[in-house]
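Before any comments, here is the structure.
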Amino acid sequence: MHEQVKNILNQVRGEPPNILQSLLALQGELGHVSADMVPVIAKSLGVTTAEVAGVLSYYPDLRPSAPGRHVIRVCMGESCYANGCGRVLRELQERLRADIHETMPGGRFTLDTMSCAGNCAVSPTVIIDDDLYGRVLPSQLDGMLERYR
Amino acid sequence: MVTRLYLSNDTSARAAGAAALAEAWSDRADVQLIRTSSRGAFYLEPMVERDGPDGRIAWFNVSPQDLPAILSGTGGTAVHTIPFLAQQVRYTFANFGETEPLSLDEYQARGGLSGLEAAFRLTPDAIIEELRVSQLRGRGGAAFPVWNKWKVAQQAKGAQKYVVANSDEGDAGTYCDRMILEGDSFRLLEGMLICARAIGAGRGYVYCRQEYPAASATLRAAIHKADEAELLELNGEPFPIEVIEGAGSYVCGEETALLESLEGKRGVVRARPPYPAQSGLYGCPTIVSNVLTFATIPQILSRGGSWHASLGTEQSRGTIVLQLGGRVKHPGLVEVPFGLSLHQVLEQFGGGMAPGSRFKAVQVGGPLGSLFPTTGLELPICYDAFAKAGAVLGHGGIVVYDHETDMVDLARHFMAFTADESCGKCTPCRIGSVRGREILERIQAGSGTMDDLRLLDDLGETMKLASLCALGGRAPYPVLTAIEHFPAEFRSKLRA
Ligand SMILES: Cc1cc2nc3c(=O)[nH]c(=O)nc-3n(C[C@H](O)[C@H](O)[C@H](O)COP(=O)(O)O)c2cc1C
Ligand code: SF4
Ligand code: FES
């Protein structure tokens, strides 16, 4: 793991080192950034472990553990709220038997929320991996989930 | 015969069905699809257009099987007769729906780059003077006079100066920055270059929210094109512009937290002064401005500051870009001069309520914005009237809630949001938002008391007065206006 982390960090190295962009690059390659990578990252960037751990815990998008095979994000922003995202979220929680930030048994989906995808005029919004769905009705969820195995 | 059809490639248009249309028609030899930006009339998307004798003709809410009708020219509507669009006054959004986002030729053919050319003919002082005359105020939320900030940055000393476009667009219910990045990125770049020339900056950054992958990809492509066309140069020196993505934190839209985040640190708010214009990125003078602000600037230079000042109202010059969402019938983007009432906007453009919905409240200005009931709709949309009412226009988001909305749950939703997003730097916000959420959860669960409502009020006043930034300072407004306008709903949930 150490070598891989160092190699990825070498590709994004800047002066002064940018901790957040380094962590995002790592997550882009590895899917997550776990706490046990922190010392290697700190050493490689020439910053303290406290600085790295501080940034890692601050940003909602940085994942400390590997997500499921697919990540579902339900927008909880106000336009989506007004258009029934609460029901969409509840139905997903039931179907996936996973709560927010949890991965369903078997690891097929991780369920997450987000605060606005800028798709407010075509809301409510659900994003699965890189696919954005708008005007989502609870009745469409089964068909949507089918596409991701 | 090959027919040229125009179809938007905007994220929301794609989500509404444009992506499916493009796929369904991809192997049609008789169709040439031009992927444009979106007009922002999202209730009509996916919208397909073709050239007519008198401008474009459009078909609304198109599905793949509508193609024969479109090709034979039956049933379309002339775009210039669509009331939602015809009643708007579009300057910053004039290109939307017309051009291909990455065509620099089309951008130029429609007046693009003439603002920059005008700026090259002016001294930095004269550029700033033009902005003073225009009375342009920042569109990111704080509505600070743009020229003033530029003057400070121009006069500040620094080994380097930076121009940073704030594209964090964190207010839920807003999407105009996303549309600009996806649909007319060159306009943002032009505005940033004008700013760089005025203040003497050598580098630019765009801080883009992670939730906007298509926007940052399009912007990167536009930067590449602009670079190839040798546009990213000032005084014979390169002026590189880089896109940096955020990581899901709302408070990183606040300018000082944004700078911390750009430097790769925790996005915690810095105490001001010094202001970023004096000491910003890496301690250097930095202009942080909203994407829409930058995109408004090219036309101020090409048409003149007094042209801009001739639009709008006394304290609010120019146009406002509103973004309608929630339960309105016609969600979409509306650019109009300041001064229309909320009621006019909701009726004339919003088209009233979505089918089956009755109006309950409207929220203006994002998650920190106040709620208005039916009786508050005569308020004119301009900075001074909103300030007088204790409200904000924020980034122009307007979300309509219908009769099914549970106001207690909505208030809880707002406080939970603040508790999640607080950067933790100051106590009123860090602790207050958690207490506020707990109280509202208690009321929602049926175990709250009259004392809890009083406590919420006290807490709100403390947060308003003592918070370091507008996240804590504004967070009480949606909650307290919900209680003010819908008291019975809160009382009915209290423990007897
Ligand atoms: C909590 C918080 C979030 C903010 N989010 C944004 C944002 O997403 N986009 C933005 O342009 N300004 C945002 N602002 C306002 C910025 O601090 C700053 O005033 C603005 O970027 C300046 O640009 P302007 O002068 O063009 O308005 C936010 C402010 C606060 C307090
Ligand atoms: S008000 Fe909240 S977000 Fe703003 S500085 Fe204080 S703790 Fe941070
Ligand atoms: S509020 Fe959900 S996409 Fe904007």
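For the structure tokens, the naming scheme is as follows: chains receive sequential letters (A, B, ...) according to their order of presentation, residues are indexed from 1 within each chain, and ligands are indexed from 1 in presentation order.
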
**Report entry** Env. residues ligand 3 / 9 Å / only C-alpha atoms and all ligand atoms / as a PyMOL selection string
**Finding:** (chain A and resi 74-83+85+114-126+134) or (chain B and resi 171-175+325-326+399)

**Report entry** Cut-off 7 Å, only C-alpha atoms and all ligand atoms, neighbours of ligand 1 as a ChimeraX atom specification
**Finding:** /B:137-144,146,166-171,250-256,288-291,293,469-471

**Report entry** Within-12 Å residues of ligand 2, basis only C-alpha atoms and all ligand atoms, as a ChimeraX atom specification
**Finding:** /B:249-258,266-272,368,415,417-434,462-476

Query raised in the report: Pick the closest to chain B from A:Leu141, A:Ile19, A:Val136, A:Ala25: which is it, counting only C-alpha atoms?
Result: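 Among the listed residues, A:Ile19 lies closest to chain B.
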
Query raised in the report: Can you list, as a PyMOL selection string, every residue of range 245-479 of chain B that DSSP puts in alpha helix (DSSP H)?
Result: chain B and resi 255-262+291-303+305-309+342-344+383-388+407-421+427-444+450-466+470-474+476-479

Query raised in the report: So which one's closest to Gly14 in chain A, A:Met37, A:Leu56, A:Leu45, A:Leu30? Using only C-alpha atoms, please.
Result: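 Nearest candidate to Gly14 in chain A out of A:Met37, A:Leu56, A:Leu45, A:Leu30: A:Leu45.
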
Report task. Find the residue from B:Tyr383, B:Trp150, B:Trp59, B:Tyr282 that sits nearest to Leu7 in chain B; use only C-alpha atoms when measuring. Result -> B:Trp59

**Report entry** range 100-105 of chain A environment, 12 Å, only C-alpha atoms, sequence neighbours closer than 2 positions dropped, as an MDAnalysis selection string
**Finding:** chainID A and resid 60:76 89:90 92:98 107:114

Report task. Fewer than 6 positions away in the same chain doesn't count, so skip those; otherwise give me all residues within 8 Å of Gly112 in chain B, counting only C-alpha atoms, as a PyMOL selection string. Result -> chain B and resi 186-187+298

Query raised in the report: From the list B:Asp451, B:Phe349, B:Gln210, B:Gln315, which residue is nearest Ala387 in chain B when using only C-alpha atoms?
Result: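 Smallest separation from Ala387 in chain B among the options: B:Gln315.
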